[in-house]
$ cat query35.pdb   # PDB, C-alpha atoms
MODEL        1
ATOM      1  CA  MET S   1       0.000   0.000   0.000
ATOM      2  CA  LEU S   2       2.728   2.452   1.042
ATOM      3  CA  LEU S   3       4.981   1.201  -1.756
ATOM      4  CA  ALA S   4       2.224   1.700  -4.339
ATOM      5  CA  SER S   5       1.545   5.240  -3.103
ATOM      6  CA  TYR S   6       5.290   5.950  -3.152
ATOM      7  CA  TRP S   7       5.610   4.894  -6.809
ATOM      8  CA  PHE S   8       2.419   6.717  -7.825
ATOM      9  CA  PHE S   9       3.250  10.046  -6.195
ATOM     10  CA  SER S  10       6.982  10.064  -6.979
ATOM     11  CA  THR S  11       6.246   9.348 -10.661
ATOM     12  CA  LEU S  12       3.642  12.124 -10.632
ATOM     13  CA  THR S  13       6.071  14.554  -8.959
ATOM     14  CA  ILE S  14       8.920  13.837 -11.381
ATOM     15  CA  ALA S  15       6.694  13.804 -14.494
ATOM     16  CA  PHE S  16       5.032  17.128 -13.696
ATOM     17  CA  GLY S  17       8.350  18.642 -12.582
ATOM     18  CA  ALA S  18       9.762  17.701 -15.993
ATOM     19  CA  THR S  19       6.798  19.193 -17.883
ATOM     20  CA  ALA S  20       7.102  22.376 -15.771
ATOM     21  CA  ILE S  21      10.622  22.761 -17.150
ATOM     22  CA  LEU S  22       9.996  21.547 -20.708
ATOM     23  CA  LEU S  23       6.757  23.265 -21.791
ATOM     24  CA  ARG S  24       6.945  26.565 -23.653
ATOM     25  CA  ASN S  25       3.757  28.249 -22.406
ATOM     26  CA  PRO S  26       4.461  29.829 -18.961
ATOM     27  CA  VAL S  27       0.874  29.235 -17.728
ATOM     28  CA  SER S  28       1.114  25.480 -18.441
ATOM     29  CA  CYS S  29       4.497  25.465 -16.679
ATOM     30  CA  ALA S  30       2.977  27.078 -13.580
ATOM     31  CA  MET S  31       0.023  24.667 -13.555
ATOM     32  CA  SER S  32       2.226  21.561 -13.837
ATOM     33  CA  LEU S  33       4.473  22.984 -11.108
ATOM     34  CA  ALA S  34       1.377  23.219  -8.868
ATOM     35  CA  VAL S  35       0.552  19.527  -9.500
ATOM     36  CA  CYS S  36       4.215  18.667  -8.799
ATOM     37  CA  PHE S  37       4.055  20.465  -5.420
ATOM     38  CA  ILE S  38       0.747  18.829  -4.444
ATOM     39  CA  SER S  39       2.053  15.310  -5.147
ATOM     40  CA  LEU S  40       5.245  16.195  -3.261
ATOM     41  CA  ALA S  41       2.997  17.101  -0.306
ATOM     42  CA  ALA S  42       1.431  13.633  -0.604
ATOM     43  CA  LEU S  43       4.947  12.134  -0.414
ATOM     44  CA  PHE S  44       5.603  14.178   2.750
ATOM     45  CA  ILE S  45       2.366  12.914   4.313
ATOM     46  CA  SER S  46       3.287   9.313   3.410
ATOM     47  CA  LEU S  47       6.542   9.928   5.356
ATOM     48  CA  ASP S  48       4.492  10.851   8.492
ATOM     49  CA  ALA S  49       5.280  14.574   8.158
ATOM     50  CA  THR S  50       1.641  15.691   8.201
ATOM     51  CA  LEU S  51       2.191  19.316   9.202
ATOM     52  CA  ILE S  52       4.911  19.858   6.583
ATOM     53  CA  GLY S  53       2.674  18.289   3.916
ATOM     54  CA  ILE S  54      -0.194  20.634   4.776
ATOM     55  CA  MET S  55       2.204  23.615   4.825
ATOM     56  CA  GLN S  56       3.523  22.552   1.430
ATOM     57  CA  ILE S  57       0.005  22.676  -0.034
ATOM     58  CA  LEU S  58      -0.878  25.984   1.673
ATOM     59  CA  VAL S  59       2.378  27.850   0.990
ATOM     60  CA  TYR S  60       3.670  26.368  -2.275
ATOM     61  CA  ALA S  61       0.618  25.106  -4.154
ATOM     62  CA  GLY S  62      -1.417  28.013  -2.765
ATOM     63  CA  ALA S  63       0.493  31.231  -2.183
ATOM     64  CA  VAL S  64       3.625  30.783  -4.315
ATOM     65  CA  MET S  65       1.808  29.424  -7.372
ATOM     66  CA  VAL S  66      -0.802  32.205  -7.207
ATOM     67  CA  LEU S  67       2.073  34.701  -7.088
ATOM     68  CA  PHE S  68       3.692  33.078 -10.148
ATOM     69  CA  LEU S  69       0.406  33.088 -12.099
ATOM     70  CA  PHE S  70      -0.231  36.686 -11.052
ATOM     71  CA  ILE S  71       3.177  37.796 -12.343
ATOM     72  CA  ILE S  72       2.665  35.888 -15.623
ATOM     73  CA  MET S  73      -0.687  37.690 -16.000
ATOM     74  CA  LEU S  74       0.807  41.068 -15.018
ATOM     75  CA  LEU S  75       3.676  40.832 -17.500
ATOM     76  CA  ASP S  76       1.324  39.319 -20.128
ATOM     77  CA  LEU S  77       3.879  36.631 -21.041
ATOM     78  CA  ARG S  78       2.948  34.744 -24.209
ATOM     79  CA  MET S  79       4.310  31.552 -25.679
ATOM     80  CA  GLU S  80       8.086  31.824 -25.630
ATOM     81  CA  LYS S  81       9.492  32.355 -29.145
ATOM     82  CA  SER S  82      11.891  29.591 -30.068
ATOM     83  CA  ARG S  83      15.334  30.957 -30.732
ATOM     84  CA  ARG S  84      18.506  29.413 -32.043
ATOM     85  CA  LEU S  85      19.916  27.004 -29.463
ATOM     86  CA  ASN S  86      23.410  27.705 -28.156
ATOM     87  CA  PHE S  87      24.800  24.195 -28.659
ATOM     88  CA  GLY S  88      27.920  24.573 -26.511
ATOM     89  CA  ALA S  89      25.956  25.801 -23.486
ATOM     90  CA  THR S  90      23.224  23.149 -23.908
ATOM     91  CA  LEU S  91      25.776  20.357 -24.212
ATOM     92  CA  GLY S  92      27.717  21.634 -21.180
ATOM     93  CA  GLY S  93      24.548  21.904 -19.082
ATOM     94  CA  GLY S  94      23.420  18.422 -20.114
ATOM     95  CA  LEU S  95      26.827  16.990 -19.219
ATOM     96  CA  VAL S  96      26.824  18.626 -15.770
ATOM     97  CA  ILE S  97      23.335  17.255 -15.029
ATOM     98  CA  ALA S  98      24.225  13.740 -16.255
ATOM     99  CA  ALA S  99      27.421  13.719 -14.169
ATOM    100  CA  PHE S 100      25.525  14.905 -11.063
ATOM    101  CA  LEU S 101      22.813  12.285 -11.478
ATOM    102  CA  SER S 102      25.176   9.368 -12.126
ATOM    103  CA  MET S 103      27.386  10.307  -9.167
ATOM    104  CA  LEU S 104      24.376  10.617  -6.855
ATOM    105  CA  THR S 105      22.927   7.278  -8.020
ATOM    106  CA  LYS S 106      26.279   5.554  -7.459
ATOM    107  CA  VAL S 107      26.590   6.919  -3.905
ATOM    108  CA  ILE S 108      22.988   6.096  -2.945
ATOM    109  CA  LEU S 109      23.094   2.549  -4.339
ATOM    110  CA  SER S 110      26.530   1.735  -2.881
ATOM    111  CA  ASP S 111      25.646   2.188   0.811
ATOM    112  CA  PRO S 112      23.668  -0.721   2.349
ATOM    113  CA  GLU S 113      22.471   1.674   5.083
ATOM    114  CA  PHE S 114      20.222   3.355   2.497
ATOM    115  CA  ALA S 115      18.543   0.053   1.523
ATOM    116  CA  LYS S 116      16.750  -0.280   4.897
ATOM    117  CA  PRO S 117      12.956  -0.620   4.739
ATOM    118  CA  LEU S 118      10.804   1.929   6.568
ATOM    119  CA  PRO S 119      11.242   1.318  10.342
ATOM    120  CA  PRO S 120       7.972   1.259  12.324
ATOM    121  CA  LEU S 121       7.149   4.184  14.611
ATOM    122  CA  ALA S 122       6.611   3.460  18.320
ATOM    123  CA  ALA S 123       2.960   2.913  19.230
ATOM    124  CA  SER S 124       3.118   5.733  21.795
ATOM    125  CA  ALA S 125       4.602   8.202  19.275
ATOM    126  CA  PRO S 126       3.299  11.692  20.098
ATOM    127  CA  ASP S 127       1.346  13.905  17.731
ATOM    128  CA  ASN S 128       3.372  15.323  14.823
ATOM    129  CA  VAL S 129       2.108  18.922  15.152
ATOM    130  CA  ARG S 130       2.629  18.950  18.906
ATOM    131  CA  MET S 131       6.212  17.689  18.654
ATOM    132  CA  ILE S 132       7.124  20.171  15.885
ATOM    133  CA  GLY S 133       5.727  22.982  18.026
ATOM    134  CA  MET S 134       7.727  21.804  21.049
ATOM    135  CA  THR S 135      10.954  21.567  19.019
ATOM    136  CA  LEU S 136      10.333  24.910  17.322
ATOM    137  CA  PHE S 137       9.703  26.866  20.500
ATOM    138  CA  HIS S 138      12.202  25.086  22.762
ATOM    139  CA  SER S 139      15.320  24.666  20.617
ATOM    140  CA  TYR S 140      14.669  27.061  17.745
ATOM    141  CA  ALA S 141      12.988  30.082  19.356
ATOM    142  CA  LEU S 142      15.663  32.579  18.247
ATOM    143  CA  PRO S 143      15.720  31.406  14.568
ATOM    144  CA  PHE S 144      11.919  31.602  14.629
ATOM    145  CA  GLU S 145      12.058  35.277  15.655
ATOM    146  CA  ALA S 146      14.782  35.916  13.059
ATOM    147  CA  ILE S 147      12.510  34.430  10.364
ATOM    148  CA  GLY S 148       9.829  36.909  11.453
ATOM    149  CA  VAL S 149      12.256  39.808  10.931
ATOM    150  CA  LEU S 150      13.283  38.333   7.558
ATOM    151  CA  LEU S 151       9.650  38.165   6.406
ATOM    152  CA  LEU S 152       9.053  41.757   7.512
ATOM    153  CA  SER S 153      12.116  43.036   5.650
ATOM    154  CA  ALA S 154      11.144  41.001   2.570
ATOM    155  CA  THR S 155       7.674  42.603   2.653
ATOM    156  CA  VAL S 156       9.135  46.112   2.928
ATOM    157  CA  GLY S 157      11.669  45.304   0.188
ATOM    158  CA  VAL S 158       8.963  44.082  -2.189
ATOM    159  CA  ILE S 159       6.927  47.253  -1.647
ATOM    160  CA  VAL S 160       9.987  49.436  -2.306
ATOM    161  CA  LEU S 161      10.954  47.414  -5.400
ATOM    162  CA  SER S 162       7.519  47.529  -6.977
ATOM    163  CA  ARG S 163       7.072  51.297  -6.714
ATOM    164  CA  ARG S 164       6.997  52.934 -10.089
ATOM    165  CA  THR S 165       9.933  55.277  -9.496
ATOM    166  CA  LEU S 166      12.829  54.424  -7.217
ATOM    167  CA  ARG S 167      14.056  57.449  -5.321
TER
ATOM    168  CA  MET X   1       7.919  -0.946   1.919
ATOM    169  CA  PRO X   2       9.872   1.789   0.127
ATOM    170  CA  THR X   3      13.489   2.126   1.219
ATOM    171  CA  LEU X   4      15.417   5.288   2.049
ATOM    172  CA  ALA X   5      17.269   4.937  -1.278
ATOM    173  CA  ASN X   6      13.913   5.181  -3.135
ATOM    174  CA  TYR X   7      13.134   8.564  -1.610
ATOM    175  CA  LEU X   8      16.696   9.840  -2.051
ATOM    176  CA  LEU X   9      16.686   8.857  -5.727
ATOM    177  CA  ALA X  10      13.344  10.604  -6.287
ATOM    178  CA  SER X  11      14.770  13.677  -4.557
ATOM    179  CA  GLY X  12      17.945  13.503  -6.664
ATOM    180  CA  ILE X  13      16.025  13.223  -9.949
ATOM    181  CA  LEU X  14      13.814  16.151  -8.921
ATOM    182  CA  PHE X  15      16.927  18.205  -8.088
ATOM    183  CA  ALA X  16      18.449  17.343 -11.487
ATOM    184  CA  ILE X  17      15.226  18.480 -13.206
ATOM    185  CA  GLY X  18      15.398  21.804 -11.358
ATOM    186  CA  LEU X  19      19.088  22.184 -12.201
ATOM    187  CA  GLY X  20      18.287  21.482 -15.854
ATOM    188  CA  GLY X  21      15.611  24.171 -15.800
ATOM    189  CA  VAL X  22      18.031  26.703 -14.333
ATOM    190  CA  MET X  23      20.850  25.890 -16.755
ATOM    191  CA  LEU X  24      19.024  25.173 -20.017
ATOM    192  CA  ARG X  25      15.960  27.456 -20.076
ATOM    193  CA  ARG X  26      16.280  31.146 -20.878
ATOM    194  CA  SER X  27      13.026  32.616 -19.593
ATOM    195  CA  ILE X  28      13.545  34.156 -16.141
ATOM    196  CA  ILE X  29      10.192  32.883 -14.822
ATOM    197  CA  ILE X  30      11.034  29.277 -15.763
ATOM    198  CA  ILE X  31      14.514  29.622 -14.228
ATOM    199  CA  PHE X  32      12.804  30.737 -11.026
ATOM    200  CA  MET X  33      10.489  27.695 -11.134
ATOM    201  CA  GLY X  34      13.597  25.510 -11.463
ATOM    202  CA  LEU X  35      14.991  27.080  -8.276
ATOM    203  CA  GLU X  36      11.756  26.229  -6.434
ATOM    204  CA  ILE X  37      11.928  22.611  -7.648
ATOM    205  CA  MET X  38      15.508  22.338  -6.342
ATOM    206  CA  LEU X  39      14.496  23.669  -2.902
ATOM    207  CA  ASN X  40      11.644  21.152  -2.760
ATOM    208  CA  ALA X  41      13.948  18.270  -3.702
ATOM    209  CA  ALA X  42      16.181  19.171  -0.752
ATOM    210  CA  ASN X  43      13.099  19.248   1.492
ATOM    211  CA  LEU X  44      12.101  15.743   0.353
ATOM    212  CA  SER X  45      15.473  14.260   1.297
ATOM    213  CA  LEU X  46      15.387  16.045   4.685
ATOM    214  CA  ILE X  47      11.928  14.610   5.449
ATOM    215  CA  ALA X  48      13.024  11.118   4.320
ATOM    216  CA  PHE X  49      16.109  11.192   6.578
ATOM    217  CA  SER X  50      13.968  12.437   9.479
ATOM    218  CA  ARG X  51      11.562   9.497   9.030
ATOM    219  CA  TYR X  52      14.309   6.861   8.760
ATOM    220  CA  GLY X  53      16.608   8.023  11.582
ATOM    221  CA  LEU X  54      14.516   6.847  14.535
ATOM    222  CA  VAL X  55      15.721   6.725  18.160
ATOM    223  CA  ASP X  56      13.822   3.939  20.028
ATOM    224  CA  GLY X  57      10.991   4.228  17.505
ATOM    225  CA  HIS X  58      10.680   7.985  18.018
ATOM    226  CA  GLN X  59      11.370  10.616  15.385
ATOM    227  CA  ILE X  60      13.749  13.551  15.887
ATOM    228  CA  PHE X  61      11.870  16.620  14.692
ATOM    229  CA  ASP X  62      14.842  18.944  14.005
ATOM    230  CA  ALA X  63      14.800  18.104  10.273
ATOM    231  CA  GLN X  64      11.095  18.935   9.984
ATOM    232  CA  VAL X  65      11.690  22.259  11.759
ATOM    233  CA  LEU X  66      14.493  22.948   9.260
ATOM    234  CA  VAL X  67      12.049  22.221   6.397
ATOM    235  CA  PHE X  68       9.598  24.658   8.030
ATOM    236  CA  PHE X  69      12.307  27.359   7.961
ATOM    237  CA  ILE X  70      13.247  26.505   4.349
ATOM    238  CA  ILE X  71       9.612  26.867   3.218
ATOM    239  CA  THR X  72       9.374  30.254   4.980
ATOM    240  CA  VAL X  73      12.613  31.572   3.478
ATOM    241  CA  ALA X  74      11.598  30.255   0.035
ATOM    242  CA  ALA X  75       8.296  32.144   0.264
ATOM    243  CA  ALA X  76      10.164  35.387   1.058
ATOM    244  CA  GLU X  77      12.625  34.650  -1.755
ATOM    245  CA  VAL X  78       9.811  34.144  -4.287
ATOM    246  CA  ALA X  79       8.188  37.440  -3.296
ATOM    247  CA  VAL X  80      11.428  39.441  -3.620
ATOM    248  CA  GLY X  81      12.522  37.648  -6.799
ATOM    249  CA  LEU X  82       9.218  38.210  -8.576
ATOM    250  CA  ALA X  83       9.276  41.901  -7.563
ATOM    251  CA  ILE X  84      12.766  42.172  -9.105
ATOM    252  CA  ILE X  85      11.470  40.479 -12.293
ATOM    253  CA  VAL X  86       8.577  42.967 -12.475
ATOM    254  CA  SER X  87      10.857  45.994 -12.133
ATOM    255  CA  LEU X  88      13.294  44.451 -14.648
ATOM    256  CA  TYR X  89      10.410  44.021 -17.099
ATOM    257  CA  ARG X  90       9.421  47.645 -16.594
ATOM    258  CA  ALA X  91      12.958  48.797 -17.405
ATOM    259  CA  ARG X  92      13.703  46.452 -20.342
ATOM    260  CA  GLN X  93      10.363  44.990 -21.612
ATOM    261  CA  THR X  94      11.822  41.476 -21.669
ATOM    262  CA  THR X  95      12.088  38.357 -19.473
ATOM    263  CA  HIS X  96      14.581  36.594 -21.721
ATOM    264  CA  VAL X  97      18.030  36.259 -20.134
ATOM    265  CA  GLU X  98      19.916  36.705 -23.400
ATOM    266  CA  ASP X  99      18.451  40.190 -23.863
ATOM    267  CA  ILE X 100      19.919  41.308 -20.530
ATOM    268  CA  ASP X 101      23.652  41.374 -21.224
ATOM    269  CA  THR X 102      24.945  44.657 -19.762
ATOM    270  CA  LEU X 103      27.272  42.832 -17.372
ATOM    271  CA  LYS X 104      28.379  40.301 -19.992
ATOM    272  CA  PHE X 105      32.075  40.392 -20.854
TER
ENDMDL
END
$ encode --input "query35.pdb" --output "structure tokens"
Amino acid sequence: MLLASYWFFSTLTIAFGATAILLRNPVSCAMSLAVCFISLAALFISLDATLIGIMQILVYAGAVMVLFLFIIMLLDLRMEKSRRLNFGATLGGGLVIAAFLSMLTKVILSDPEFAKPLPPLAASAPDNVRMIGMTLFHSYALPFEAIGVLLLSATVGVIVLSRRTLR
Amino acid sequence: MPTLANYLLASGILFAIGLGGVMLRRSIIIIFMGLEIMLNAANLSLIAFSRYGLVDGHQIFDAQVLVFFIITVAAAEVAVGLAIIVSLYRARQTTHVEDIDTLKF
């Protein structure tokens, strides 16, 4: 059951991630990216990270994708015109990606530690949301406040950047 | 039961897709989507490690808190990045990276 859901959602994530990169119409790219994020959230939930899965849907598939679609609408981006491909750059990029992927596959498949099946959680395992809250506010209280300051400065920065004339 | 290697390979392939988008596409919006895919691939491997590294059957939640912070920072990054793209479009009327070559040697 878990194995079937793993294969289903990981295939969905990778397929829609690939179409998000390959399609030429920016709106189709944004829509397939949204499907990619939602199936990634399903993978998170299958790994017992319920809160992170829900946050993934709310923040990524909700807020971030709406922002992307809004910018595509605002800039009125049409189908990208196909231009002459720069063969050297394309070949170099393809080589770097192939080297990265083959190296990663070799490392992951070589270590027997990575071939362990999913270990069972203890029956008395506490609630996911409760434990994340405890960890966040006990060990990571200062980073949490710093993130608040970061969000505030990002908000102010966005407002300054999107004014019509910069003074 | 899926193994840890399954999740890490899915995360690696997703990261390679994002890297390909950043290196091979030339529309700024698509490059930005590639960055988001790469961040999400890193999140997937963090969550997988957090689920597999149990202590007496109990999870350590530090990795999930780190993912929480990554999602927050990524949201701020998207907002600022898209604002920069909008002001760039106002100045140059293009979102194609090859048309923006002032700093190119």
$ resolve_selection --input "query35.pdb" --expression "the PyMOL selection byres ((chain X and resi 1-18) around 8)" --output "MDAnalysis selection string"
(chainID S and resid 2:3 6 10 13:14 17:18 21 97 100:101 104:105 108:109 114:118) or (chainID X and resid 19:22 33:39 41:42 44:45 48:49 52)
$ write_last_selection --input "query35.pdb" --atoms "C-alpha atoms" --output "mmCIF file, keeping the file's coordinate frame"
data_model
loop_
_atom_site.group_PDB
_atom_site.id
_atom_site.type_symbol
_atom_site.label_atom_id
_atom_site.label_comp_id
_atom_site.auth_asym_id
_atom_site.auth_seq_id
_atom_site.Cartn_x
_atom_site.Cartn_y
_atom_site.Cartn_z
ATOM 1 C CA LEU S 2 2.728 2.452 1.042
ATOM 2 C CA LEU S 3 4.981 1.201 -1.756
ATOM 3 C CA TYR S 6 5.290 5.950 -3.152
ATOM 4 C CA SER S 10 6.982 10.064 -6.979
ATOM 5 C CA THR S 13 6.071 14.554 -8.959
ATOM 6 C CA ILE S 14 8.920 13.837 -11.381
ATOM 7 C CA GLY S 17 8.350 18.642 -12.582
ATOM 8 C CA ALA S 18 9.762 17.701 -15.993
ATOM 9 C CA ILE S 21 10.622 22.761 -17.150
ATOM 10 C CA ILE S 97 23.335 17.255 -15.029
ATOM 11 C CA PHE S 100 25.525 14.905 -11.063
ATOM 12 C CA LEU S 101 22.813 12.285 -11.478
ATOM 13 C CA LEU S 104 24.376 10.617 -6.855
ATOM 14 C CA THR S 105 22.927 7.278 -8.020
ATOM 15 C CA ILE S 108 22.988 6.096 -2.945
ATOM 16 C CA LEU S 109 23.094 2.549 -4.339
ATOM 17 C CA PHE S 114 20.222 3.355 2.497
ATOM 18 C CA ALA S 115 18.543 0.053 1.523
ATOM 19 C CA LYS S 116 16.750 -0.280 4.897
ATOM 20 C CA PRO S 117 12.956 -0.620 4.739
ATOM 21 C CA LEU S 118 10.804 1.929 6.568
ATOM 22 C CA LEU X 19 19.088 22.184 -12.201
ATOM 23 C CA GLY X 20 18.287 21.482 -15.854
ATOM 24 C CA GLY X 21 15.611 24.171 -15.800
ATOM 25 C CA VAL X 22 18.031 26.703 -14.333
ATOM 26 C CA MET X 33 10.489 27.695 -11.134
ATOM 27 C CA GLY X 34 13.597 25.510 -11.463
ATOM 28 C CA LEU X 35 14.991 27.080 -8.276
ATOM 29 C CA GLU X 36 11.756 26.229 -6.434
ATOM 30 C CA ILE X 37 11.928 22.611 -7.648
ATOM 31 C CA MET X 38 15.508 22.338 -6.342
ATOM 32 C CA LEU X 39 14.496 23.669 -2.902
ATOM 33 C CA ALA X 41 13.948 18.270 -3.702
ATOM 34 C CA ALA X 42 16.181 19.171 -0.752
ATOM 35 C CA LEU X 44 12.101 15.743 0.353
ATOM 36 C CA SER X 45 15.473 14.260 1.297
ATOM 37 C CA ALA X 48 13.024 11.118 4.320
ATOM 38 C CA PHE X 49 16.109 11.192 6.578
ATOM 39 C CA TYR X 52 14.309 6.861 8.760
#
$ atom_distance --input "query35.pdb" --atom1 "CA of Val129 (chain S)" --atom2 "CA of Ala63 (chain X)"
13.6 Å
$ resolve_selection --input "query35.pdb" --expression "the PyMOL selection byres ((chain X and resi 97) around 8)" --output "PyMOL selection string"
chain X and resi 26-28+95-96+98-101
$ write_last_selection --input "query35.pdb" --atoms "C-alpha atoms" --output "CSV table (one decimal), in the coordinates of the input"
chain,number,residue,atom,x,y,z
X,26,ARG,CA,16.3,31.1,-20.9
X,27,SER,CA,13.0,32.6,-19.6
X,28,ILE,CA,13.5,34.2,-16.1
X,95,THR,CA,12.1,38.4,-19.5
X,96,HIS,CA,14.6,36.6,-21.7
X,98,GLU,CA,19.9,36.7,-23.4
X,99,ASP,CA,18.5,40.2,-23.9
X,100,ILE,CA,19.9,41.3,-20.5
X,101,ASP,CA,23.7,41.4,-21.2
$ closest_residue --input "query35.pdb" --among "X:Leu103, X:Ile47, X:Leu88, X:Leu82" --to "Arg164 (chain S)" --atoms "only C-alpha atoms"
X:Leu88
$ resolve_selection --input "query35.pdb" --expression "the PyMOL selection byres ((chain X and resi 60) around 12)" --output "mmCIF file with C-alpha atoms, keeping the file's coordinate frame"
data_model
loop_
_atom_site.group_PDB
_atom_site.id
_atom_site.type_symbol
_atom_site.label_atom_id
_atom_site.label_comp_id
_atom_site.auth_asym_id
_atom_site.auth_seq_id
_atom_site.Cartn_x
_atom_site.Cartn_y
_atom_site.Cartn_z
ATOM 1 C CA ALA S 49 5.280 14.574 8.158
ATOM 2 C CA LEU S 121 7.149 4.184 14.611
ATOM 3 C CA ALA S 125 4.602 8.202 19.275
ATOM 4 C CA PRO S 126 3.299 11.692 20.098
ATOM 5 C CA ASN S 128 3.372 15.323 14.823
ATOM 6 C CA MET S 131 6.212 17.689 18.654
ATOM 7 C CA ILE S 132 7.124 20.171 15.885
ATOM 8 C CA MET S 134 7.727 21.804 21.049
ATOM 9 C CA THR S 135 10.954 21.567 19.019
ATOM 10 C CA LEU S 136 10.333 24.910 17.322
ATOM 11 C CA LEU X 46 15.387 16.045 4.685
ATOM 12 C CA ILE X 47 11.928 14.610 5.449
ATOM 13 C CA ALA X 48 13.024 11.118 4.320
ATOM 14 C CA PHE X 49 16.109 11.192 6.578
ATOM 15 C CA SER X 50 13.968 12.437 9.479
ATOM 16 C CA ARG X 51 11.562 9.497 9.030
ATOM 17 C CA TYR X 52 14.309 6.861 8.760
ATOM 18 C CA GLY X 53 16.608 8.023 11.582
ATOM 19 C CA LEU X 54 14.516 6.847 14.535
ATOM 20 C CA VAL X 55 15.721 6.725 18.160
ATOM 21 C CA ASP X 56 13.822 3.939 20.028
ATOM 22 C CA GLY X 57 10.991 4.228 17.505
ATOM 23 C CA HIS X 58 10.680 7.985 18.018
ATOM 24 C CA GLN X 59 11.370 10.616 15.385
ATOM 25 C CA PHE X 61 11.870 16.620 14.692
ATOM 26 C CA ASP X 62 14.842 18.944 14.005
ATOM 27 C CA ALA X 63 14.800 18.104 10.273
ATOM 28 C CA GLN X 64 11.095 18.935 9.984
ATOM 29 C CA VAL X 65 11.690 22.259 11.759
ATOM 30 C CA LEU X 66 14.493 22.948 9.260
#
$ atom_distance --input "query35.pdb" --atom1 "CA of Ile71 (chain S)" --atom2 "CA of Ser162 (chain S)"
11.9 Å
$ decode --input "query35.pdb" --residues "region 25-38 of chain X" --atoms "N, CA, C and O atoms" --output "PDB file, in the first residue's frame"
ATOM      1  N   ARG X  25      17.022  26.556 -19.608  1.00  0.00           N
ATOM      2  CA  ARG X  25      15.960  27.456 -20.076  1.00  0.00           C
ATOM      3  C   ARG X  25      16.443  28.895 -20.026  1.00  0.00           C
ATOM      4  O   ARG X  25      17.344  29.238 -19.255  1.00  0.00           O
ATOM      5  N   ARG X  26      15.812  29.772 -20.830  1.00  0.00           N
ATOM      6  CA  ARG X  26      16.280  31.146 -20.878  1.00  0.00           C
ATOM      7  C   ARG X  26      15.191  32.158 -20.563  1.00  0.00           C
ATOM      8  O   ARG X  26      15.356  33.342 -20.812  1.00  0.00           O
ATOM      9  N   SER X  27      14.048  31.685 -20.070  1.00  0.00           N
ATOM     10  CA  SER X  27      13.026  32.616 -19.593  1.00  0.00           C
ATOM     11  C   SER X  27      13.180  32.735 -18.074  1.00  0.00           C
ATOM     12  O   SER X  27      13.286  31.726 -17.387  1.00  0.00           O
ATOM     13  N   ILE X  28      13.229  33.976 -17.560  1.00  0.00           N
ATOM     14  CA  ILE X  28      13.545  34.156 -16.141  1.00  0.00           C
ATOM     15  C   ILE X  28      12.523  33.460 -15.239  1.00  0.00           C
ATOM     16  O   ILE X  28      12.880  32.864 -14.226  1.00  0.00           O
ATOM     17  N   ILE X  29      11.236  33.507 -15.635  1.00  0.00           N
ATOM     18  CA  ILE X  29      10.192  32.883 -14.822  1.00  0.00           C
ATOM     19  C   ILE X  29      10.439  31.378 -14.690  1.00  0.00           C
ATOM     20  O   ILE X  29      10.329  30.803 -13.597  1.00  0.00           O
ATOM     21  N   ILE X  30      10.810  30.733 -15.806  1.00  0.00           N
ATOM     22  CA  ILE X  30      11.034  29.277 -15.763  1.00  0.00           C
ATOM     23  C   ILE X  30      12.284  28.961 -14.940  1.00  0.00           C
ATOM     24  O   ILE X  30      12.332  27.964 -14.209  1.00  0.00           O
ATOM     25  N   ILE X  31      13.314  29.815 -15.052  1.00  0.00           N
ATOM     26  CA  ILE X  31      14.514  29.622 -14.228  1.00  0.00           C
ATOM     27  C   ILE X  31      14.147  29.668 -12.751  1.00  0.00           C
ATOM     28  O   ILE X  31      14.590  28.854 -11.934  1.00  0.00           O
ATOM     29  N   PHE X  32      13.259  30.596 -12.410  1.00  0.00           N
ATOM     30  CA  PHE X  32      12.804  30.737 -11.026  1.00  0.00           C
ATOM     31  C   PHE X  32      12.039  29.496 -10.567  1.00  0.00           C
ATOM     32  O   PHE X  32      12.211  29.034  -9.439  1.00  0.00           O
ATOM     33  N   MET X  33      11.202  28.927 -11.482  1.00  0.00           N
ATOM     34  CA  MET X  33      10.489  27.695 -11.134  1.00  0.00           C
ATOM     35  C   MET X  33      11.484  26.561 -10.894  1.00  0.00           C
ATOM     36  O   MET X  33      11.290  25.731 -10.002  1.00  0.00           O
ATOM     37  N   GLY X  34      12.569  26.520 -11.678  1.00  0.00           N
ATOM     38  CA  GLY X  34      13.597  25.510 -11.463  1.00  0.00           C
ATOM     39  C   GLY X  34      14.226  25.622 -10.084  1.00  0.00           C
ATOM     40  O   GLY X  34      14.474  24.623  -9.413  1.00  0.00           O
ATOM     41  N   LEU X  35      14.453  26.871  -9.635  1.00  0.00           N
ATOM     42  CA  LEU X  35      14.991  27.080  -8.276  1.00  0.00           C
ATOM     43  C   LEU X  35      14.044  26.506  -7.227  1.00  0.00           C
ATOM     44  O   LEU X  35      14.485  25.843  -6.270  1.00  0.00           O
ATOM     45  N   GLU X  36      12.733  26.751  -7.404  1.00  0.00           N
ATOM     46  CA  GLU X  36      11.756  26.229  -6.434  1.00  0.00           C
ATOM     47  C   GLU X  36      11.783  24.703  -6.410  1.00  0.00           C
ATOM     48  O   GLU X  36      11.713  24.094  -5.333  1.00  0.00           O
ATOM     49  N   ILE X  37      11.890  24.081  -7.599  1.00  0.00           N
ATOM     50  CA  ILE X  37      11.928  22.611  -7.648  1.00  0.00           C
ATOM     51  C   ILE X  37      13.154  22.093  -6.903  1.00  0.00           C
ATOM     52  O   ILE X  37      13.080  21.108  -6.159  1.00  0.00           O
ATOM     53  N   MET X  38      14.308  22.789  -7.043  1.00  0.00           N
ATOM     54  CA  MET X  38      15.508  22.338  -6.342  1.00  0.00           C
ATOM     55  C   MET X  38      15.341  22.439  -4.831  1.00  0.00           C
ATOM     56  O   MET X  38      15.726  21.518  -4.082  1.00  0.00           O
TER      57      MET X  38
END
